[in-house]
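**Q** File data01.cif below, mmCIF, C-alpha atoms:
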```
data_target
loop_
_atom_site.label_atom_id
_atom_site.label_comp_id
_atom_site.auth_asym_id
_atom_site.auth_seq_id
_atom_site.Cartn_x
_atom_site.Cartn_y
_atom_site.Cartn_z
CA MET A 1 -37.58 14.67 50.21
CA PRO A 2 -36.67 14.79 53.96
CA SER A 3 -33.96 17.35 53.17
CA ILE A 4 -36.58 19.63 51.59
CA PHE A 5 -38.82 19.42 54.67
CA SER A 6 -35.77 20.12 56.80
CA LEU A 7 -35.02 23.27 54.77
CA ILE A 8 -38.62 24.44 55.11
CA LEU A 9 -38.70 23.90 58.87
CA ARG A 10 -35.25 25.37 59.49
CA ASP A 11 -35.63 28.63 57.55
CA ASN A 12 -38.08 31.11 59.12
CA ARG A 13 -38.43 32.98 55.81
CA ILE A 14 -39.75 29.78 54.22
CA ARG A 15 -41.48 28.22 57.22
CA ILE A 16 -43.85 31.11 58.03
CA PRO A 17 -45.16 31.62 54.44
CA THR A 18 -45.57 27.84 54.18
CA VAL A 19 -47.59 27.52 57.39
CA THR A 20 -49.61 30.58 56.37
CA LEU A 21 -50.40 28.99 53.00
CA VAL A 22 -51.63 25.85 54.78
CA ALA A 23 -53.98 28.03 56.84
CA LEU A 24 -54.95 30.05 53.76
CA ALA A 25 -56.11 26.86 52.01
CA PHE A 26 -58.98 26.67 54.51
CA THR A 27 -60.36 30.01 53.24
CA TYR A 28 -60.65 28.55 49.72
CA ALA A 29 -61.73 25.04 50.71
CA SER A 30 -64.38 26.12 53.21
CA THR A 31 -66.15 28.49 50.80
CA ALA A 32 -65.62 27.38 47.17
CA PRO A 33 -67.87 24.28 47.37
CA TYR A 34 -70.74 26.27 48.91
CA GLN A 35 -70.53 29.68 47.25
CA SER A 36 -73.03 28.93 44.49
CA ILE A 37 -75.40 27.22 46.95
CA ILE A 38 -75.41 30.28 49.21
CA GLY A 39 -75.64 32.81 46.39
CA ILE A 40 -78.36 31.11 44.34
CA ASN A 41 -80.30 28.84 46.70
CA GLU A 42 -80.09 30.76 49.97
CA LEU A 43 -79.88 34.40 48.86
CA GLY A 44 -81.93 34.15 45.66
CA LEU A 45 -79.47 35.38 43.05
CA SER A 46 -80.38 34.40 39.50
CA ASN A 47 -78.06 32.14 37.50
CA GLY A 48 -77.14 35.07 35.26
CA ALA A 49 -76.43 37.40 38.18
CA TYR A 50 -74.28 34.79 39.89
CA SER A 51 -72.32 34.08 36.70
CA ALA A 52 -71.65 37.80 36.26
CA LEU A 53 -70.55 38.04 39.90
CA VAL A 54 -68.06 35.19 39.45
CA PHE A 55 -66.71 36.71 36.25
CA PHE A 56 -66.15 40.19 37.67
CA SER A 57 -64.71 38.86 40.92
CA ALA A 58 -62.15 36.95 38.80
CA ILE A 59 -61.22 40.24 37.10
CA VAL A 60 -60.80 41.91 40.50
CA ASN A 61 -58.63 39.01 41.66
CA VAL A 62 -56.23 39.11 38.72
CA THR A 63 -56.07 42.93 38.80
CA THR A 64 -55.32 42.95 42.52
CA SER A 65 -52.68 40.24 42.19
CA LEU A 66 -50.87 42.03 39.36
CA THR A 67 -51.03 45.42 41.07
CA LEU A 68 -49.83 44.15 44.44
CA GLY A 69 -47.22 41.95 42.79
CA ILE A 70 -45.68 44.96 41.07
CA TRP A 71 -46.00 47.08 44.20
CA SER A 72 -44.45 44.41 46.42
CA ASP A 73 -41.28 44.42 44.31
CA ARG A 74 -40.87 48.10 45.16
CA LEU A 75 -41.04 47.49 48.92
CA LYS A 76 -38.39 46.18 51.29
CA GLU A 77 -40.85 43.64 52.70
CA ARG A 78 -44.22 42.12 51.78
CA ARG A 79 -45.37 41.71 55.37
CA PRO A 80 -47.68 44.80 55.47
CA LEU A 81 -49.39 43.78 52.23
CA VAL A 82 -50.01 40.23 53.48
CA LEU A 83 -51.46 41.59 56.74
CA GLY A 84 -53.74 43.98 54.83
CA LEU A 85 -55.07 41.19 52.62
CA CYS A 86 -55.69 39.01 55.68
CA VAL A 87 -57.80 41.83 57.13
CA ALA A 88 -59.76 41.96 53.86
CA GLY A 89 -60.37 38.22 54.24
CA MET A 90 -61.57 38.57 57.81
CA LEU A 91 -63.98 41.34 56.82
CA GLY A 92 -65.17 39.71 53.59
CA PHE A 93 -65.74 36.18 54.84
CA GLY A 94 -66.91 37.35 58.26
CA SER A 95 -69.54 39.76 56.92
CA ILE A 96 -71.09 37.03 54.75
CA ALA A 97 -71.25 34.73 57.78
CA ILE A 98 -72.83 37.39 60.03
CA PHE A 99 -75.11 39.31 57.64
CA HIS A 100 -77.32 36.97 55.62
CA SER A 101 -77.85 39.59 52.91
CA PRO A 102 -77.54 39.52 49.09
CA VAL A 103 -75.98 43.01 49.12
CA VAL A 104 -73.29 42.00 51.60
CA PHE A 105 -72.66 38.75 49.71
CA ILE A 106 -72.24 40.58 46.39
CA PHE A 107 -70.00 43.31 47.84
CA SER A 108 -67.75 40.86 49.70
CA THR A 109 -67.55 38.33 46.85
CA LEU A 110 -66.84 41.07 44.33
CA LEU A 111 -64.19 43.01 46.27
CA LEU A 112 -63.02 41.71 49.65
CA VAL A 113 -62.83 37.98 48.91
CA PRO A 114 -60.83 38.43 45.65
CA MET A 115 -58.44 40.69 47.57
CA SER A 116 -58.02 37.96 50.18
CA ASN A 117 -57.35 35.42 47.43
CA SER A 118 -54.40 37.54 46.27
CA THR A 119 -52.61 36.51 49.47
CA TYR A 120 -51.73 33.27 47.66
CA SER A 121 -49.57 35.08 45.09
CA LEU A 122 -47.87 37.29 47.66
CA LEU A 123 -46.92 34.35 49.86
CA PHE A 124 -45.39 32.50 46.92
CA ALA A 125 -43.60 35.73 45.96
CA SER A 126 -42.09 35.81 49.46
CA LEU A 127 -40.95 32.22 49.02
CA ARG A 128 -39.46 33.04 45.63
CA ALA A 129 -37.52 35.98 47.04
CA ARG A 130 -35.88 33.54 49.44
CA THR A 131 -35.39 30.60 47.06
CA ASN A 132 -33.77 32.95 44.52
CA GLN A 133 -30.72 32.71 46.78
CA MET A 134 -30.64 28.91 46.62
CA ASP A 135 -29.74 26.30 44.05
CA ARG A 136 -32.35 26.44 41.27
CA GLY A 137 -33.38 22.80 41.57
CA GLN A 138 -33.59 23.04 45.34
CA GLY A 139 -35.77 26.14 45.10
CA ALA A 140 -38.10 24.43 42.62
CA ALA A 141 -38.42 21.42 44.93
CA ILE A 142 -39.30 23.68 47.88
CA THR A 143 -41.97 25.45 45.81
CA ALA A 144 -43.51 22.16 44.70
CA THR A 145 -43.49 20.80 48.27
CA VAL A 146 -45.18 23.93 49.62
CA ARG A 147 -47.81 23.68 46.89
CA ALA A 148 -48.34 20.04 47.87
CA LEU A 149 -48.92 21.02 51.50
CA PHE A 150 -51.43 23.62 50.30
CA SER A 151 -53.27 20.90 48.35
CA GLY A 152 -53.20 18.58 51.35
CA SER A 153 -54.88 21.21 53.48
CA TRP A 154 -57.38 21.88 50.68
CA ALA A 155 -58.23 18.18 50.49
CA LEU A 156 -58.76 17.91 54.24
CA ALA A 157 -60.95 20.96 54.81
CA PRO A 158 -64.13 20.25 52.75
CA GLY A 159 -64.78 16.91 54.41
CA LEU A 160 -64.36 18.29 57.92
CA ILE A 161 -66.52 21.31 57.18
CA GLY A 162 -69.13 19.15 55.48
CA LEU A 163 -69.39 17.01 58.62
CA TYR A 164 -69.66 20.15 60.76
CA LEU A 165 -72.47 21.60 58.62
CA VAL A 166 -74.31 18.35 57.85
CA SER A 167 -77.34 19.33 59.97
CA SER A 168 -77.10 23.11 59.50
CA PRO A 169 -80.02 24.85 57.73
CA SER A 170 -77.55 27.29 56.13
CA MET A 171 -74.07 26.96 54.65
CA THR A 172 -72.99 30.49 55.64
CA PRO A 173 -71.14 29.24 58.79
CA ALA A 174 -68.52 27.97 56.32
CA TYR A 175 -67.64 31.61 55.71
CA GLY A 176 -67.17 32.06 59.45
CA ILE A 177 -64.56 29.27 59.32
CA ALA A 178 -62.88 31.07 56.41
CA ALA A 179 -62.82 34.29 58.47
CA LEU A 180 -61.12 32.40 61.32
CA ALA A 181 -58.60 30.99 58.83
CA SER A 182 -57.86 34.55 57.61
CA CYS A 183 -57.42 35.61 61.24
CA THR A 184 -54.98 32.73 61.72
CA CYS A 185 -53.00 33.90 58.66
CA PHE A 186 -52.93 37.42 60.10
CA CYS A 187 -51.65 36.22 63.49
CA LEU A 188 -48.98 34.02 61.92
CA TYR A 189 -47.59 36.88 59.87
CA PHE A 190 -48.04 39.55 62.55
CA PHE A 191 -46.29 37.63 65.32
CA PHE A 192 -43.82 35.36 63.53
CA ALA A 193 -42.92 36.71 60.06
CA PRO A 194 -39.50 38.42 59.89
CA ARG A 195 -39.95 42.17 60.02
CA ASN A 196 -37.17 42.93 57.55
CA GLY A 197 -38.74 40.84 54.77
CA ALA A 198 -37.17 38.06 52.78
CA ALA A 199 -33.56 38.60 51.97
CA GLY A 200 -33.04 39.25 48.32
CA PRO A 201 -32.23 41.91 45.75
CA ALA A 202 -32.81 45.56 46.43
CA PRO A 203 -36.37 46.85 45.92
CA ASP A 204 -37.27 47.54 42.31
CA HIS A 205 -37.94 51.21 41.52
CA ALA A 206 -39.29 50.84 37.98
CA GLY A 207 -42.63 52.52 37.29
CA PHE A 208 -45.90 50.63 37.47
CA PHE A 209 -46.61 50.67 33.73
CA ALA A 210 -43.00 49.85 32.89
CA SER A 211 -43.33 46.76 35.05
CA LEU A 212 -46.74 45.89 33.61
CA LYS A 213 -45.34 46.06 30.08
CA ARG A 214 -43.00 43.18 30.89
CA ILE A 215 -46.02 40.85 31.02
CA PHE A 216 -46.97 41.71 27.43
CA VAL A 217 -43.52 41.05 25.97
CA PRO A 218 -44.05 38.24 23.41
CA HIS A 219 -41.53 36.00 25.19
CA VAL A 220 -43.57 36.17 28.41
CA LEU A 221 -47.14 36.40 27.10
CA SER A 222 -46.77 33.44 24.73
CA ARG A 223 -45.57 31.21 27.56
CA VAL A 224 -48.24 32.41 29.97
CA THR A 225 -50.83 31.53 27.32
CA VAL A 226 -49.42 28.02 26.92
CA MET A 227 -49.39 27.55 30.71
CA ALA A 228 -53.00 28.75 30.81
CA MET A 229 -53.91 26.22 28.14
CA LEU A 230 -52.47 23.41 30.26
CA PHE A 231 -54.18 24.73 33.38
CA GLY A 232 -57.41 24.90 31.37
CA LEU A 233 -57.22 21.13 30.88
CA GLN A 234 -57.46 20.61 34.63
CA ARG A 235 -60.44 22.97 34.88
CA LEU A 236 -62.05 21.26 31.88
CA ASN A 237 -61.74 17.94 33.68
CA ALA A 238 -63.36 19.49 36.77
CA MET A 239 -66.41 20.23 34.60
CA LEU A 240 -66.41 16.98 32.61
CA LEU A 241 -65.61 14.34 35.22
CA PRO A 242 -68.85 14.62 37.26
CA LEU A 243 -70.88 14.60 34.05
CA ILE A 244 -69.08 11.58 32.59
CA ILE A 245 -69.34 9.70 35.89
CA THR A 246 -73.11 10.24 36.13
CA HIS A 247 -73.86 9.82 32.42
CA ALA A 248 -71.50 7.72 30.31
CA ALA A 249 -70.09 5.71 33.23
CA GLY A 250 -73.43 5.25 34.98
CA GLY A 251 -72.09 6.27 38.40
CA THR A 252 -73.63 8.37 41.16
CA VAL A 253 -72.86 11.61 42.98
CA VAL A 254 -71.20 9.46 45.65
CA ASP A 255 -68.62 8.42 43.04
CA VAL A 256 -68.14 12.08 42.16
CA GLY A 257 -67.36 12.91 45.79
CA PHE A 258 -65.01 9.96 46.23
CA MET A 259 -63.09 10.80 43.06
CA ALA A 260 -62.69 14.45 44.03
CA GLY A 261 -61.40 13.59 47.49
CA LEU A 262 -59.10 10.76 46.43
CA THR A 263 -57.61 12.82 43.59
CA ALA A 264 -56.89 15.77 45.89
CA LEU A 265 -55.20 13.48 48.45
CA LEU A 266 -53.04 11.73 45.85
CA GLU A 267 -51.99 15.02 44.27
CA MET A 268 -49.93 15.83 47.36
CA PRO A 269 -47.29 13.06 47.05
CA PHE A 270 -47.21 13.45 43.28
CA MET A 271 -46.48 17.18 43.63
CA MET A 272 -43.52 16.37 45.85
CA MET A 273 -42.39 13.80 43.27
CA TRP A 274 -42.50 16.43 40.50
CA GLY A 275 -40.61 18.84 42.75
CA PHE A 276 -37.86 16.24 43.20
CA ALA A 277 -37.78 15.69 39.43
CA GLN A 278 -37.13 19.42 38.91
CA ARG A 279 -33.88 19.03 40.85
CA ARG A 280 -32.57 16.70 38.13
CA PHE A 281 -34.35 17.78 34.94
CA ARG A 282 -35.34 21.04 33.28
CA THR A 283 -38.64 22.47 34.51
CA VAL A 284 -40.11 22.64 31.01
CA HIS A 285 -39.38 18.96 30.36
CA VAL A 286 -40.89 17.91 33.69
CA LEU A 287 -43.99 19.94 32.91
CA ALA A 288 -44.28 18.56 29.37
CA PHE A 289 -44.04 14.97 30.64
CA GLY A 290 -46.61 15.56 33.39
CA ALA A 291 -48.98 17.29 30.97
CA LEU A 292 -48.61 14.37 28.53
CA ILE A 293 -49.73 12.00 31.30
CA TYR A 294 -52.77 14.21 31.83
CA CYS A 295 -53.57 14.14 28.11
CA VAL A 296 -53.43 10.34 28.19
CA TYR A 297 -55.81 10.45 31.16
CA LEU A 298 -58.28 12.68 29.27
CA LEU A 299 -58.06 10.40 26.24
CA LEU A 300 -58.84 7.31 28.33
CA LEU A 301 -61.55 9.18 30.22
CA GLY A 302 -63.40 9.58 26.94
CA PHE A 303 -63.67 5.77 26.70
CA ALA A 304 -64.96 5.29 30.27
CA SER A 305 -68.27 3.42 30.37
CA ALA A 306 -68.38 2.10 33.95
CA PRO A 307 -67.49 3.53 37.39
CA TRP A 308 -64.50 1.19 37.78
CA HIS A 309 -63.01 2.70 34.62
CA ILE A 310 -62.97 6.09 36.36
CA TYR A 311 -61.33 4.67 39.48
CA ALA A 312 -58.76 2.86 37.35
CA LEU A 313 -57.69 6.24 35.94
CA LEU A 314 -57.23 7.78 39.40
CA LEU A 315 -53.42 7.62 39.41
CA PHE A 316 -53.19 9.10 35.90
CA ASN A 317 -55.54 11.90 36.96
CA ALA A 318 -53.69 12.76 40.18
CA CYS A 319 -50.21 12.44 38.68
CA GLY A 320 -50.92 14.66 35.67
CA ALA A 321 -52.96 17.20 37.63
CA ALA A 322 -50.17 17.49 40.22
CA ALA A 323 -47.73 18.49 37.48
CA ILE A 324 -50.13 21.02 35.92
CA LEU A 325 -50.93 22.62 39.28
CA SER A 326 -47.46 22.77 40.85
CA VAL A 327 -44.70 22.90 38.22
CA PRO A 328 -46.01 26.03 36.40
CA ILE A 329 -45.48 28.08 39.57
CA THR A 330 -41.71 27.83 39.16
CA TYR A 331 -41.93 28.12 35.37
CA LEU A 332 -43.97 31.34 35.53
CA GLN A 333 -41.76 32.83 38.24
CA ASP A 334 -38.71 32.12 36.07
CA LEU A 335 -40.17 34.23 33.25
CA ILE A 336 -39.55 37.39 35.33
CA ALA A 337 -37.07 35.95 37.81
CA ASP A 338 -35.63 39.30 38.94
CA ARG A 339 -39.02 40.49 40.26
CA PRO A 340 -40.58 37.84 42.53
CA GLY A 341 -43.83 39.77 43.04
CA LEU A 342 -44.49 40.44 39.36
CA GLY A 343 -43.37 36.96 38.32
CA THR A 344 -45.60 35.27 40.88
CA SER A 345 -48.59 37.43 39.96
CA LEU A 346 -48.50 35.67 36.59
CA ILE A 347 -50.09 32.72 38.44
CA SER A 348 -53.31 34.71 38.81
CA LEU A 349 -53.19 35.79 35.17
CA ASN A 350 -52.58 32.18 34.17
CA THR A 351 -55.59 31.06 36.21
CA PHE A 352 -57.85 33.75 34.75
CA ILE A 353 -56.94 32.91 31.14
CA GLY A 354 -57.06 29.17 31.87
CA VAL A 355 -60.62 29.36 33.20
CA GLY A 356 -61.68 31.16 30.03
CA ILE A 357 -59.95 28.56 27.86
CA SER A 358 -61.61 25.68 29.73
CA ALA A 359 -65.02 27.31 29.27
CA GLY A 360 -64.31 27.69 25.55
CA LEU A 361 -63.19 24.08 25.17
CA PHE A 362 -66.26 22.86 27.04
CA ALA A 363 -68.59 24.94 24.88
CA PHE A 364 -66.87 23.86 21.64
CA GLY A 365 -66.69 20.19 22.62
CA THR A 366 -70.27 19.87 23.79
CA ALA A 367 -71.47 21.69 20.64
CA ILE A 368 -69.98 19.08 18.31
CA THR A 369 -70.08 15.92 20.45
CA ASP A 370 -71.01 14.56 23.90
CA TYR A 371 -69.17 14.81 27.23
CA SER A 372 -66.91 11.87 26.43
CA GLY A 373 -66.05 13.38 23.06
CA THR A 374 -65.21 16.66 24.78
CA ALA A 375 -62.56 14.78 26.78
CA PHE A 376 -60.98 13.83 23.42
CA VAL A 377 -61.06 17.50 22.40
CA GLY A 378 -59.27 18.42 25.63
CA ALA A 379 -56.62 15.74 25.07
CA ALA A 380 -55.97 16.99 21.53
CA ALA A 381 -55.72 20.60 22.72
CA GLY A 382 -53.31 19.50 25.46
CA ILE A 383 -51.02 17.63 23.06
CA ALA A 384 -50.96 20.67 20.79
CA SER A 385 -50.05 22.88 23.77
CA ILE A 386 -47.20 20.57 24.76
CA GLY A 387 -45.87 20.80 21.21
CA VAL A 388 -45.99 24.60 21.33
CA LEU A 389 -44.29 24.63 24.73
CA LEU A 390 -41.41 22.47 23.54
CA TYR A 391 -41.10 24.52 20.34
CA LEU A 392 -40.89 27.78 22.33
CA GLU A 393 -38.25 26.29 24.60
CA SER A 394 -36.26 24.96 21.64
CA SER A 395 -36.39 28.35 19.90
CA ARG A 396 -35.27 30.06 23.08
CA ARG A 397 -32.22 27.77 23.46
CA GLN A 398 -31.27 28.22 19.80
CA ALA A 399 -31.46 32.02 20.21
CA ARG A 400 -29.16 31.84 23.24
CA GLN A 401 -26.65 29.71 21.36
CA LEU A 402 -26.61 32.13 18.42
CA ALA A 403 -26.13 35.06 20.81
#
```
Would you put the structure from the file into structure tokens?

**A**
Amino acid sequence: MPSIFSLILRDNRIRIPTVTLVALAFTYASTAPYQSIIGINELGLSNGAYSALVFFSAIVNVTTSLTLGIWSDRLKERRPLVLGLCVAGMLGFGSIAIFHSPVVFIFSTLLLVPMSNSTYSLLFASLRARTNQMDRGQGAAITATVRALFSGSWALAPGLIGLYLVSSPSMTPAYGIAALASCTCFCLYFFFAPRNGAAGPAPDHAGFFASLKRIFVPHVLSRVTVMAMLFGLQRLNAMLLPLIITHAAGGTVVDVGFMAGLTALLEMPFMMMWGFAQRRFRTVHVLAFGALIYCVYLLLLGFASAPWHIYALLLFNACGAAAILSVPITYLQDLIADRPGLGTSLISLNTFIGVGISAGLFAFGTAITDYSGTAFVGAAAGIASIGVLLYLESSRRQARQLA
């Protein structure tokens, strides 16, 4: 992998989005663990009101990502859009940190913060515009490595912020840290990003709705749905693992924290490993193999009855999750390869659908069995999704051969 790091460091059109993504991770990591605590415990929102807020903010996020993704393909550079979203982050996170008010929290969480989160898609779109000019395997490896660096930053931030806020009566200073991270992203792009954008094809002049229709073509939508199903397995595990640790396995919340941190740290080298694998094998086969490992992990998780069982599954968890979180970026971008912005915006759509699928699997599983049994349900759903993915890829290759 040294050659990949060398490419990232040498090319300014890759280096600046990468460093910006590392800084952007702090906006997610410093706020996501504390958002519900602030909204419900500190500001007095009801459980129902907070759930509605999270749901509608997710809709705003996916809508913004799709809209800006389409728009960015029509511009010569994405730099102004990235700067605008960084400003939204500074205002959104900063206002929550300064004004301890439910109204400000709702407005920022509903509008400004989801807009800031769309920076993720635009930065990966900028990377894709550049890697489109490279060898396909090399570009996939760069994408996976950048995603690994993002995860590494994500894994580091919560612990540092937790230590900083350990004696604080309020968790809102975490949003001040996120505002500073957004300011850092703004400065990086304002002072160092190339002003003529990433080299690539000429701007796309297709209409907005003509571009949007490409998402709903059966070839694209079916694959996005399968990717969302696989992503939903990772979100399902995020809900199940703490419950299985503290119930079936007889562990404590300390074990929950250790598992979360260790998994996030181990995901980073595994993501780079999967990126290297994409240089030698087809993306869909790499993803299918990684997802199969994750299904095995979920299956074994259902049998866990002691804390050491959970720790023994750590490598399976991190290895499979790394594939599910990093490899689909390239796969989704390849679905609409000629439009980096629109193709990358599929990541947000994938996340939105995946969260809904994970909620549905959790509700179905816990209605017919216990938490451990729900892990079996997730494993079965994952194996079925892998089968559909391989079938779609096989059908696609047969159609190409016939053509």

**Q** Given only C-alpha atoms, how would the per-residue table for region 50-91 of chain A near region 171-180 of chain A read, listing every residue at most 8 Å away with its closest atom pair and distance in Å to one decimal, sorted by chain and number, as a Markdown table?

**A**
```
| residue | atom | partner | partner_atom | distance |
| --- | --- | --- | --- | --- |
| A:Gly89 | CA | A:Ala179 | CA | 6.3 |
| A:Met90 | CA | A:Ala179 | CA | 4.5 |
| A:Leu91 | CA | A:Ala179 | CA | 7.3 |
```

**Q** Restricting the output to C-alpha atoms, write the selected residues as a short mmCIF file (atom, residue, chain, number, x, y, z; two decimals), in the frame of the given file.

**A**
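Just written: again_18.cif:
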```
data_model
loop_
_atom_site.label_atom_id
_atom_site.label_comp_id
_atom_site.auth_asym_id
_atom_site.auth_seq_id
_atom_site.Cartn_x
_atom_site.Cartn_y
_atom_site.Cartn_z
CA GLY A 89 -60.37 38.22 54.24
CA MET A 90 -61.57 38.57 57.81
CA LEU A 91 -63.98 41.34 56.82
#
```

**Q** Could you tell me which of A:Ile347, A:Ala321, A:Ile244, A:Leu43 comes closest to Thr119 (chain A) if we count only C-alpha atoms?

**A**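 Closest candidate: A:Ile347.
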
**Q** Suppose you want the space between CA of Asn350 (chain A) and CA of Gly69 (chain A); what is it in Å?

**A**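 Separating CA of Asn350 (chain A) from CA of Gly69 (chain A) is a distance of 14.1 Å.
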
**Q** Give me, as a tab-separated table, each residue of region 1-37 of chain A that comes within 12 Å of region 121-133 of chain A, together with its shortest interatomic pair and the distance in Å at one decimal, counting only C-alpha atoms, with rows ordered by chain and rising residue number.

**A**
```
residue	atom	partner	partner_atom	distance
A:Ile4	CA	A:Thr131	CA	11.9
A:Leu7	CA	A:Thr131	CA	10.6
A:Ile8	CA	A:Leu127	CA	10.2
A:Asp11	CA	A:Arg130	CA	9.5
A:Asn12	CA	A:Arg130	CA	10.2
A:Arg13	CA	A:Arg130	CA	6.9
A:Ile14	CA	A:Leu127	CA	5.9
A:Arg15	CA	A:Leu127	CA	9.1
A:Ile16	CA	A:Leu123	CA	9.3
A:Pro17	CA	A:Leu123	CA	5.6
A:Thr18	CA	A:Leu123	CA	7.9
A:Val19	CA	A:Leu123	CA	10.2
A:Thr20	CA	A:Leu123	CA	8.0
A:Leu21	CA	A:Leu123	CA	7.1
A:Val22	CA	A:Leu123	CA	10.9
A:Ala23	CA	A:Leu123	CA	11.8
A:Leu24	CA	A:Leu123	CA	9.9
```

**Q** Mind giving me the straight-line distance from CA of Pro114 (chain A) to CA of Ser168 (chain A) in Å, one decimal?

**A**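 CA of Ser168 (chain A) lies 26.3 Å from CA of Pro114 (chain A).
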
**Q** Which one of A:Leu68, A:Gly261, A:Arg279, A:Leu299 sits closest to Ala157 (chain A) if you count all atoms listed in the file?

**A**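 Smallest separation from Ala157 (chain A) among the options: A:Gly261.
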
**Q** Kindly assemble as JSON lines a list of the region 169-285 of chain A residues that lie within 8 Å of region 371-383 of chain A, each paired with its nearest atom pair and their distance in Å to one decimal, using only C-alpha atoms, sorted first by chain and then by ascending residue number.

**A**
```
{"residue": "A:Met229", "atom": "CA", "partner": "A:Gly382", "partner_atom": "CA", "distance": 7.3}
{"residue": "A:Leu230", "atom": "CA", "partner": "A:Gly382", "partner_atom": "CA", "distance": 6.2}
{"residue": "A:Leu233", "atom": "CA", "partner": "A:Gly378", "partner_atom": "CA", "distance": 6.3}
{"residue": "A:Leu236", "atom": "CA", "partner": "A:Gly378", "partner_atom": "CA", "distance": 7.4}
{"residue": "A:Asn237", "atom": "CA", "partner": "A:Ala375", "partner_atom": "CA", "distance": 7.6}
{"residue": "A:Leu240", "atom": "CA", "partner": "A:Tyr371", "partner_atom": "CA", "distance": 6.4}
{"residue": "A:Leu243", "atom": "CA", "partner": "A:Tyr371", "partner_atom": "CA", "distance": 7.0}
{"residue": "A:Ile244", "atom": "CA", "partner": "A:Tyr371", "partner_atom": "CA", "distance": 6.3}
{"residue": "A:Ala248", "atom": "CA", "partner": "A:Ser372", "partner_atom": "CA", "distance": 7.3}
```

**Q** Please enumerate the residues selected by the PyMOL selection byres ((chain A and resi 251-258) around 12) when evaluated against the supplied file, formatted as an mmCIF file with C-alpha atoms, in the coordinates of the input.

**A**
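Writing done, so here's out32.cif:
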```
data_model
loop_
_atom_site.group_PDB
_atom_site.id
_atom_site.type_symbol
_atom_site.label_atom_id
_atom_site.label_comp_id
_atom_site.auth_asym_id
_atom_site.auth_seq_id
_atom_site.Cartn_x
_atom_site.Cartn_y
_atom_site.Cartn_z
ATOM 1 C CA PRO A 33 -67.870 24.280 47.370
ATOM 2 C CA ALA A 155 -58.230 18.180 50.490
ATOM 3 C CA PRO A 158 -64.130 20.250 52.750
ATOM 4 C CA GLY A 159 -64.780 16.910 54.410
ATOM 5 C CA GLY A 162 -69.130 19.150 55.480
ATOM 6 C CA ALA A 238 -63.360 19.490 36.770
ATOM 7 C CA MET A 239 -66.410 20.230 34.600
ATOM 8 C CA LEU A 240 -66.410 16.980 32.610
ATOM 9 C CA LEU A 241 -65.610 14.340 35.220
ATOM 10 C CA PRO A 242 -68.850 14.620 37.260
ATOM 11 C CA LEU A 243 -70.880 14.600 34.050
ATOM 12 C CA ILE A 244 -69.080 11.580 32.590
ATOM 13 C CA ILE A 245 -69.340 9.700 35.890
ATOM 14 C CA THR A 246 -73.110 10.240 36.130
ATOM 15 C CA HIS A 247 -73.860 9.820 32.420
ATOM 16 C CA ALA A 248 -71.500 7.720 30.310
ATOM 17 C CA ALA A 249 -70.090 5.710 33.230
ATOM 18 C CA GLY A 250 -73.430 5.250 34.980
ATOM 19 C CA MET A 259 -63.090 10.800 43.060
ATOM 20 C CA ALA A 260 -62.690 14.450 44.030
ATOM 21 C CA GLY A 261 -61.400 13.590 47.490
ATOM 22 C CA LEU A 262 -59.100 10.760 46.430
ATOM 23 C CA THR A 263 -57.610 12.820 43.590
ATOM 24 C CA ALA A 264 -56.890 15.770 45.890
ATOM 25 C CA LEU A 265 -55.200 13.480 48.450
ATOM 26 C CA ALA A 304 -64.960 5.290 30.270
ATOM 27 C CA SER A 305 -68.270 3.420 30.370
ATOM 28 C CA ALA A 306 -68.380 2.100 33.950
ATOM 29 C CA PRO A 307 -67.490 3.530 37.390
ATOM 30 C CA TRP A 308 -64.500 1.190 37.780
ATOM 31 C CA HIS A 309 -63.010 2.700 34.620
ATOM 32 C CA ILE A 310 -62.970 6.090 36.360
ATOM 33 C CA TYR A 311 -61.330 4.670 39.480
ATOM 34 C CA LEU A 314 -57.230 7.780 39.400
#
```

**Q** Since I can't run it myself right now, could you work out what the PyMOL selection byres ((chain A and resi 294) around 9) selects here and report it as a ChimeraX atom specification?

**A** /A:233-234,289-293,295-299,316-321,323-324,379,382

**Q** Just to confirm, what's the straight-line distance from CA of Tyr50 (chain A) to CA of Ser167 (chain A) in Å (one decimal)?

**A**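 Separation of CA of Tyr50 (chain A) and CA of Ser167 (chain A): 25.5 Å.
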
**Q** Return the single residue from A:Ala337, A:Ala141, A:Ile106, A:Cys185 that is closest to Ala88 (chain A), with distances computed using only C-alpha atoms.

**A**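 When distances to Ala88 (chain A) are compared using only C-alpha atoms, the smallest one comes from A:Cys185.
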
**Q** Can you find the residues with an atom no farther than 9 Å from (-41.4, 28.9, 38.6), counting all atoms listed in the file, and report them as a ChimeraX atom specification?

**A** /A:128,140,143,283,326-335,337,343-344

**Q** Given the file shown, determine the residues that the PyMOL selection byres ((chain A and resi 59) around 12) selects; report them as number ranges by chain.

**A** A: 52-58, 60-66, 109-111, 114-115, 118, 348-349, 351-353, 355-356

**Q** Which one of A:Thr366, A:Ser345, A:Ser395, A:Ser6 sits closest to Thr145 (chain A) if you count all atoms listed in the file?

**A**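 Ranked by minimum distance to Thr145 (chain A), first place goes to A:Ser6.
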
**Q** Between A:Tyr391, A:Phe192, A:Tyr34, A:Phe303, which one has atoms that come closest to Arg223 (chain A), using only C-alpha atoms?

**A**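 So, comparing all the options, the nearest one is A:Tyr391.
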